Amino acid sequence: MNQHAKVTALFFSPTGGTRAYVEEIAGAMSDHVETWDLTRPEVRRQSRSFGSDEVVVLGVPVYYGRVPEVEGLLDGLTGSDTPAVLAAVYGNRAIDDALAELADLCAARGFRPVAAGEFIAPHTFSAKIGAGRPDEADREAARALGKQASDKLDKPDWTQPQLPGKRPYREFQVAPFYPEGDSRCVQCGACVRTCPVEAISSQDPRQTDSERCLRCLACVRACPTGSRAVRSMAYDATVDKLEHALVQPRQPQLYL
Ligand SMILES: Cc1cc2nc3c(=O)[nH]c(=O)nc-3n(C[C@H](O)[C@H](O)[C@H](O)COP(=O)(O)O)c2cc1C
Ligand code: SF4
Ligand code: SF4
């Protein structure tokens, strides 16, 4: 890769797992990385064009085996046949069709996948699943992806990687639970500011727009009083099932 090529780290990452991997990959490609945090709605509303001499590293978490259903996720980004290194970060179950979908979304915005990886982070619904990830071996794999993508870009006739996933993609599901606040809410607004899709009422932060809500649980983590939580038997059953099924740690996969 041209030593002077500009590298931009792009990620949607409500709970930080995806961000950690994207920054590791991009950091292995350049010492000067620009960051665009697509988790923030105000950033997604901005426009940014990328030249063919630039490189982007783009990561998303896997939700239901897909790219999270965020309206206009990549709408502000325009590439000019710009090489893209893709990352799908998941909670130790599976990525299913997420990388295939991400590659298609990229292509529609003018980006060309040069390399991709799937990586494991703690599962949103249980800190026990994927605990301690990324560990040093995960970070090493992420850096290897960045370095190998850079080497690949040195070859003028590089081809796109074969990515896993089926088309049509698996059907998008919506979990039958979402967080809400209770009487402990002190109206601090932390959850309102944290929500990546503006699903929490600033008038009454105990309320959630269940249609918009992604179930990312960033608001639950941000709440200083324990007011916001998922209080549902369906959630407890899901957590229990996942914790029993996802014991065996999965390992990163790179696609070049
Ligand atoms: C609604 C929802 C659906 C999810 N679906 C999957 C899945 O299909 N497979 C999986 O392994 N992890 C799944 N996860 C876990 C996330 O992919 C994982 O926790 C990821 O690291 C979160 O990324 P972030 O920390 O960047 O927000 C899901 C999480 C949420 C909130
Ligand atoms: S309201 Fe929903 S989308 Fe918003 S932060 Fe909470 S869980 Fe995520
Ligand atoms: S973060 Fe918690 S206490 Fe603060 S406004 Fe939201 S629900 Fe209320």
# chains A, B, ... in the order shown; residues from 1 in each chain; ligands from 1
>>> residues_near_ligand(ligand="ligand 2", cutoff="10 Å", atoms="only C-alpha atoms and all ligand atoms", output="VMD selection string")
chain A and resid 14 to 15 70 124 177 to 181 190 to 201 205 to 223 228 to 230
>>> residues_near_ligand(ligand="ligand 1", cutoff="9 Å", atoms="only C-alpha atoms and all ligand atoms", output="NGL selection string")
:A and (11-21 or 39 or 59-66 or 68 or 88-96 or 98 or 119-127 or 129-130 or 173-175 or 214-218 or 246)
>>> closest_residue(among="A:Pro41, A:Pro252, A:Gly165, A:Pro224", to="ligand 3", atoms="only C-alpha atoms and all ligand atoms")
A:Pro224
>>> select_by_dssp(residues="range 14-192 of chain A", states="helix (DSSP H, G or I)", output="number ranges by chain")
A: 17-29, 41-44, 98-108, 136-153, 190-192
>>> residues_around(residues="Gln162 in chain A", least_positions_apart="2", cutoff="8 Å", atoms="only C-alpha atoms", output="ChimeraX atom specification")
/A:160,164,255-256
>>> write_last_selection(atoms="C-alpha atoms", output="compact mmCIF listing (two decimals), in the first residue's frame")
# COMPACT_ATOMS: atom_id res chain seq x y z
CA GLN A 160 -11.80 -9.12 -3.95
CA PRO A 164 -18.97 -16.16 3.68
CA TYR A 255 -10.47 -13.30 4.24
CA LEU A 256 -7.97 -12.03 1.67
>>> residues_around(residues="Lys152 in chain A", least_positions_apart="3", cutoff="9 Å", atoms="only C-alpha atoms", output="number ranges by chain")
A: 1, 114-115, 147-149, 155-156, 158-159, 256
>>> write_last_selection(atoms="N, CA and C atoms", output="PDB file, in the first residue's frame")
ATOM      1  N   MET A   1       0.845  -1.199   0.000  1.00  0.00           N
ATOM      2  CA  MET A   1       0.000   0.000   0.000  1.00  0.00           C
ATOM      3  C   MET A   1       0.876   1.243   0.000  1.00  0.00           C
ATOM      4  N   VAL A 114     -11.230  -5.185  -0.087  1.00  0.00           N
ATOM      5  CA  VAL A 114      -9.911  -5.758  -0.400  1.00  0.00           C
ATOM      6  C   VAL A 114      -9.595  -6.906   0.549  1.00  0.00           C
ATOM      7  N   ALA A 115     -10.143  -6.864   1.750  1.00  0.00           N
ATOM      8  CA  ALA A 115      -9.886  -7.905   2.751  1.00  0.00           C
ATOM      9  C   ALA A 115     -10.965  -7.781   3.818  1.00  0.00           C
ATOM     10  N   LYS A 147      -2.087  -5.598   8.051  1.00  0.00           N
ATOM     11  CA  LYS A 147      -0.801  -5.706   7.327  1.00  0.00           C
ATOM     12  C   LYS A 147      -0.985  -6.451   6.012  1.00  0.00           C
ATOM     13  N   GLN A 148      -1.751  -7.543   6.047  1.00  0.00           N
ATOM     14  CA  GLN A 148      -1.940  -8.330   4.816  1.00  0.00           C
ATOM     15  C   GLN A 148      -2.761  -7.552   3.788  1.00  0.00           C
ATOM     16  N   ALA A 149      -3.700  -6.751   4.258  1.00  0.00           N
ATOM     17  CA  ALA A 149      -4.467  -5.908   3.327  1.00  0.00           C
ATOM     18  C   ALA A 149      -3.537  -4.883   2.687  1.00  0.00           C
ATOM     19  N   LYS A 155      -0.207  -4.816  -4.880  1.00  0.00           N
ATOM     20  CA  LYS A 155      -0.324  -5.492  -6.179  1.00  0.00           C
ATOM     21  C   LYS A 155      -1.407  -4.788  -6.985  1.00  0.00           C
ATOM     22  N   PRO A 156      -1.085  -4.289  -8.173  1.00  0.00           N
ATOM     23  CA  PRO A 156      -2.056  -3.497  -8.926  1.00  0.00           C
ATOM     24  C   PRO A 156      -3.295  -4.293  -9.344  1.00  0.00           C
ATOM     25  N   TRP A 158      -5.075  -6.645  -7.682  1.00  0.00           N
ATOM     26  CA  TRP A 158      -5.671  -7.394  -6.566  1.00  0.00           C
ATOM     27  C   TRP A 158      -7.155  -7.676  -6.810  1.00  0.00           C
ATOM     28  N   THR A 159      -7.592  -8.806  -6.296  1.00  0.00           N
ATOM     29  CA  THR A 159      -8.992  -9.198  -6.482  1.00  0.00           C
ATOM     30  C   THR A 159      -9.707  -9.212  -5.124  1.00  0.00           C
ATOM     31  N   LEU A 256      -8.824 -12.888   2.502  1.00  0.00           N
ATOM     32  CA  LEU A 256      -7.965 -12.031   1.672  1.00  0.00           C
ATOM     33  C   LEU A 256      -8.058 -12.424   0.207  1.00  0.00           C
TER      34      LEU A 256
END
>>> closest_residue(among="A:Asp236, A:Glu136, A:Asp204, A:Glu243", to="ligand 3", atoms="only C-alpha atoms and all ligand atoms")
A:Asp204
>>> closest_residue(among="A:Met233, A:Cys188, A:Val239, A:Val7", to="ligand 3", atoms="only C-alpha atoms and all ligand atoms")
A:Cys188
>>> residues_around(residues="Glu101 in chain A", least_positions_apart="2", cutoff="8 Å", atoms="only C-alpha atoms", output="PyMOL selection string")
chain A and resi 66-67+97-99+103-105+165+169
>>> write_last_selection(atoms="N, CA and C atoms", output="PDB file, in the first residue's frame")
ATOM      1  N   ARG A  66     -26.792 -10.424  10.695  1.00  0.00           N
ATOM      2  CA  ARG A  66     -26.871  -9.387   9.660  1.00  0.00           C
ATOM      3  C   ARG A  66     -26.123  -8.134  10.106  1.00  0.00           C
ATOM      4  N   VAL A  67     -26.054  -7.156   9.202  1.00  0.00           N
ATOM      5  CA  VAL A  67     -25.592  -5.810   9.557  1.00  0.00           C
ATOM      6  C   VAL A  67     -26.734  -5.153  10.338  1.00  0.00           C
ATOM      7  N   ASP A  97     -24.683 -13.985   7.538  1.00  0.00           N
ATOM      8  CA  ASP A  97     -24.581 -13.265   6.262  1.00  0.00           C
ATOM      9  C   ASP A  97     -24.052 -11.836   6.411  1.00  0.00           C
ATOM     10  N   ALA A  98     -23.540 -11.504   7.599  1.00  0.00           N
ATOM     11  CA  ALA A  98     -23.191 -10.097   7.870  1.00  0.00           C
ATOM     12  C   ALA A  98     -22.085  -9.565   6.952  1.00  0.00           C
ATOM     13  N   LEU A  99     -21.050 -10.370   6.688  1.00  0.00           N
ATOM     14  CA  LEU A  99     -19.959  -9.855   5.839  1.00  0.00           C
ATOM     15  C   LEU A  99     -20.405  -9.715   4.388  1.00  0.00           C
ATOM     16  N   ALA A 103     -20.371  -6.175   2.493  1.00  0.00           N
ATOM     17  CA  ALA A 103     -19.676  -6.001   1.205  1.00  0.00           C
ATOM     18  C   ALA A 103     -20.625  -5.404   0.171  1.00  0.00           C
ATOM     19  N   ASP A 104     -21.873  -5.853   0.163  1.00  0.00           N
ATOM     20  CA  ASP A 104     -22.853  -5.319  -0.797  1.00  0.00           C
ATOM     21  C   ASP A 104     -23.162  -3.848  -0.504  1.00  0.00           C
ATOM     22  N   LEU A 105     -23.322  -3.529   0.785  1.00  0.00           N
ATOM     23  CA  LEU A 105     -23.600  -2.135   1.161  1.00  0.00           C
ATOM     24  C   LEU A 105     -22.442  -1.230   0.743  1.00  0.00           C
ATOM     25  N   GLY A 165     -21.382 -16.212   3.589  1.00  0.00           N
ATOM     26  CA  GLY A 165     -22.718 -15.614   3.660  1.00  0.00           C
ATOM     27  C   GLY A 165     -23.538 -15.948   2.434  1.00  0.00           C
ATOM     28  N   TYR A 169     -30.025 -12.655   2.104  1.00  0.00           N
ATOM     29  CA  TYR A 169     -29.547 -12.785   3.479  1.00  0.00           C
ATOM     30  C   TYR A 169     -30.637 -13.394   4.344  1.00  0.00           C
TER      31      TYR A 169
END
>>> atom_distance(atom1="CA of Ala141 in chain A", atom2="CA of Pro161 in chain A")
16.9 Å
>>> select_by_dssp(residues="range 17-236 of chain A", states="strand (DSSP E)", output="tab-separated table (two decimals) with N, CA, C and O atoms, in the first residue's frame")
chain	number	residue	atom	x	y	z
A	33	VAL	N	-4.47	7.77	11.49
A	33	VAL	CA	-5.79	7.26	11.13
A	33	VAL	C	-6.85	8.29	11.50
A	33	VAL	O	-6.88	8.79	12.63
A	34	GLU	N	-7.72	8.60	10.53
A	34	GLU	CA	-8.86	9.46	10.83
A	34	GLU	C	-10.00	8.55	11.32
A	34	GLU	O	-10.13	7.43	10.85
A	35	THR	N	-10.79	9.05	12.26
A	35	THR	CA	-11.85	8.22	12.83
A	35	THR	C	-13.23	8.82	12.55
A	35	THR	O	-13.43	10.01	12.77
A	36	TRP	N	-14.13	7.98	12.06
A	36	TRP	CA	-15.53	8.39	11.89
A	36	TRP	C	-16.39	7.42	12.67
A	36	TRP	O	-16.52	6.25	12.29
A	37	ASP	N	-16.97	7.90	13.75
A	37	ASP	CA	-17.78	7.04	14.60
A	37	ASP	C	-19.23	7.08	14.13
A	37	ASP	O	-20.00	7.97	14.51
A	48	ARG	N	-19.07	12.50	3.51
A	48	ARG	CA	-17.61	12.37	3.37
A	48	ARG	C	-17.35	11.58	2.10
A	48	ARG	O	-17.92	10.50	1.90
A	49	SER	N	-16.51	12.14	1.21
A	49	SER	CA	-16.13	11.42	-0.01
A	49	SER	C	-14.71	10.92	0.13
A	49	SER	O	-13.87	11.59	0.72
A	55	VAL	N	-7.93	4.56	1.84
A	55	VAL	CA	-8.37	3.23	2.29
A	55	VAL	C	-9.30	3.44	3.48
A	55	VAL	O	-9.03	4.29	4.34
A	56	VAL	N	-10.39	2.68	3.53
A	56	VAL	CA	-11.23	2.72	4.73
A	56	VAL	C	-11.21	1.35	5.40
A	56	VAL	O	-11.08	0.31	4.74
A	57	VAL	N	-11.31	1.38	6.72
A	57	VAL	CA	-11.52	0.15	7.50
A	57	VAL	C	-12.90	0.31	8.11
A	57	VAL	O	-13.15	1.28	8.84
A	58	LEU	N	-13.81	-0.58	7.76
A	58	LEU	CA	-15.21	-0.42	8.17
A	58	LEU	C	-15.67	-1.63	8.98
A	58	LEU	O	-15.60	-2.76	8.51
A	59	GLY	N	-16.14	-1.38	10.19
A	59	GLY	CA	-16.60	-2.48	11.04
A	59	GLY	C	-18.00	-2.27	11.57
A	59	GLY	O	-18.40	-1.14	11.88
A	60	VAL	N	-18.72	-3.38	11.66
A	60	VAL	CA	-20.06	-3.36	12.27
A	60	VAL	C	-20.19	-4.57	13.19
A	60	VAL	O	-19.54	-5.60	12.96
A	61	PRO	N	-21.04	-4.47	14.20
A	61	PRO	CA	-21.37	-5.67	14.97
A	61	PRO	C	-22.37	-6.52	14.19
A	61	PRO	O	-23.07	-6.00	13.32
A	77	LEU	N	-21.47	8.35	3.19
A	77	LEU	CA	-20.14	7.98	2.69
A	77	LEU	C	-20.19	7.69	1.19
A	77	LEU	O	-21.07	6.96	0.73
A	78	THR	N	-19.24	8.25	0.46
A	78	THR	CA	-19.15	7.97	-0.97
A	78	THR	C	-17.71	7.64	-1.32
A	78	THR	O	-16.81	8.45	-1.06
A	82	THR	N	-12.90	3.04	-3.80
A	82	THR	CA	-11.98	3.11	-2.65
A	82	THR	C	-11.85	1.75	-1.98
A	82	THR	O	-12.88	1.14	-1.63
A	83	PRO	N	-10.63	1.25	-1.78
A	83	PRO	CA	-10.48	-0.05	-1.11
A	83	PRO	C	-11.02	-0.01	0.33
A	83	PRO	O	-10.81	0.98	1.04
A	84	ALA	N	-11.70	-1.09	0.72
A	84	ALA	CA	-12.28	-1.16	2.07
A	84	ALA	C	-11.88	-2.47	2.73
A	84	ALA	O	-12.02	-3.55	2.13
A	85	VAL	N	-11.38	-2.37	3.94
A	85	VAL	CA	-11.13	-3.56	4.77
A	85	VAL	C	-12.33	-3.68	5.70
A	85	VAL	O	-12.67	-2.73	6.40
A	86	LEU	N	-12.98	-4.84	5.67
A	86	LEU	CA	-14.24	-5.00	6.40
A	86	LEU	C	-14.06	-5.85	7.65
A	86	LEU	O	-13.27	-6.80	7.66
A	87	ALA	N	-14.81	-5.52	8.69
A	87	ALA	CA	-14.77	-6.32	9.92
A	87	ALA	C	-16.19	-6.56	10.42
A	87	ALA	O	-16.97	-5.61	10.55
A	88	ALA	N	-16.51	-7.82	10.68
A	88	ALA	CA	-17.78	-8.18	11.32
A	88	ALA	C	-17.43	-8.69	12.71
A	88	ALA	O	-16.66	-9.64	12.86
A	89	VAL	N	-17.98	-8.04	13.73
A	89	VAL	CA	-17.63	-8.37	15.11
A	89	VAL	C	-18.86	-8.97	15.78
A	89	VAL	O	-19.95	-8.39	15.73
A	90	TYR	N	-18.69	-10.15	16.39
A	90	TYR	CA	-19.86	-10.88	16.87
A	90	TYR	C	-19.65	-11.47	18.25
A	90	TYR	O	-18.53	-11.56	18.75
A	111	PHE	N	-17.31	1.58	-2.67
A	111	PHE	CA	-16.12	1.00	-2.04
A	111	PHE	C	-15.89	-0.42	-2.57
A	111	PHE	O	-16.85	-1.11	-2.94
A	112	ARG	N	-14.62	-0.85	-2.59
A	112	ARG	CA	-14.29	-2.18	-3.10
A	112	ARG	C	-13.58	-2.97	-2.01
A	112	ARG	O	-12.47	-2.60	-1.60
A	113	PRO	N	-14.24	-4.03	-1.49
A	113	PRO	CA	-13.60	-4.82	-0.42
A	113	PRO	C	-12.28	-5.42	-0.87
A	113	PRO	O	-12.21	-6.07	-1.92
A	114	VAL	N	-11.23	-5.19	-0.09
A	114	VAL	CA	-9.91	-5.76	-0.40
A	114	VAL	C	-9.60	-6.91	0.55
A	114	VAL	O	-8.86	-7.84	0.19
A	115	ALA	N	-10.14	-6.86	1.75
A	115	ALA	CA	-9.89	-7.91	2.75
A	115	ALA	C	-10.96	-7.78	3.82
A	115	ALA	O	-11.63	-6.75	3.93
A	116	ALA	N	-11.14	-8.85	4.59
A	116	ALA	CA	-12.18	-8.81	5.62
A	116	ALA	C	-11.82	-9.76	6.75
A	116	ALA	O	-10.97	-10.65	6.59
A	117	GLY	N	-12.46	-9.54	7.88
A	117	GLY	CA	-12.23	-10.44	9.01
A	117	GLY	C	-13.47	-10.54	9.87
A	117	GLY	O	-14.31	-9.64	9.87
A	118	GLU	N	-13.59	-11.67	10.57
A	118	GLU	CA	-14.64	-11.81	11.58
A	118	GLU	C	-13.96	-12.00	12.93
A	118	GLU	O	-13.00	-12.76	13.05
A	119	PHE	N	-14.46	-11.29	13.91
A	119	PHE	CA	-13.79	-11.21	15.21
A	119	PHE	C	-14.82	-11.31	16.34
A	119	PHE	O	-15.98	-10.94	16.16
A	120	ILE	N	-14.33	-11.73	17.49
A	120	ILE	CA	-15.24	-11.98	18.62
A	120	ILE	C	-15.08	-10.91	19.70
A	120	ILE	O	-13.97	-10.54	20.07
>>> atom_distance(atom1="CA of Gly27 in chain A", atom2="CA of Ala5 in chain A")
12.9 Å
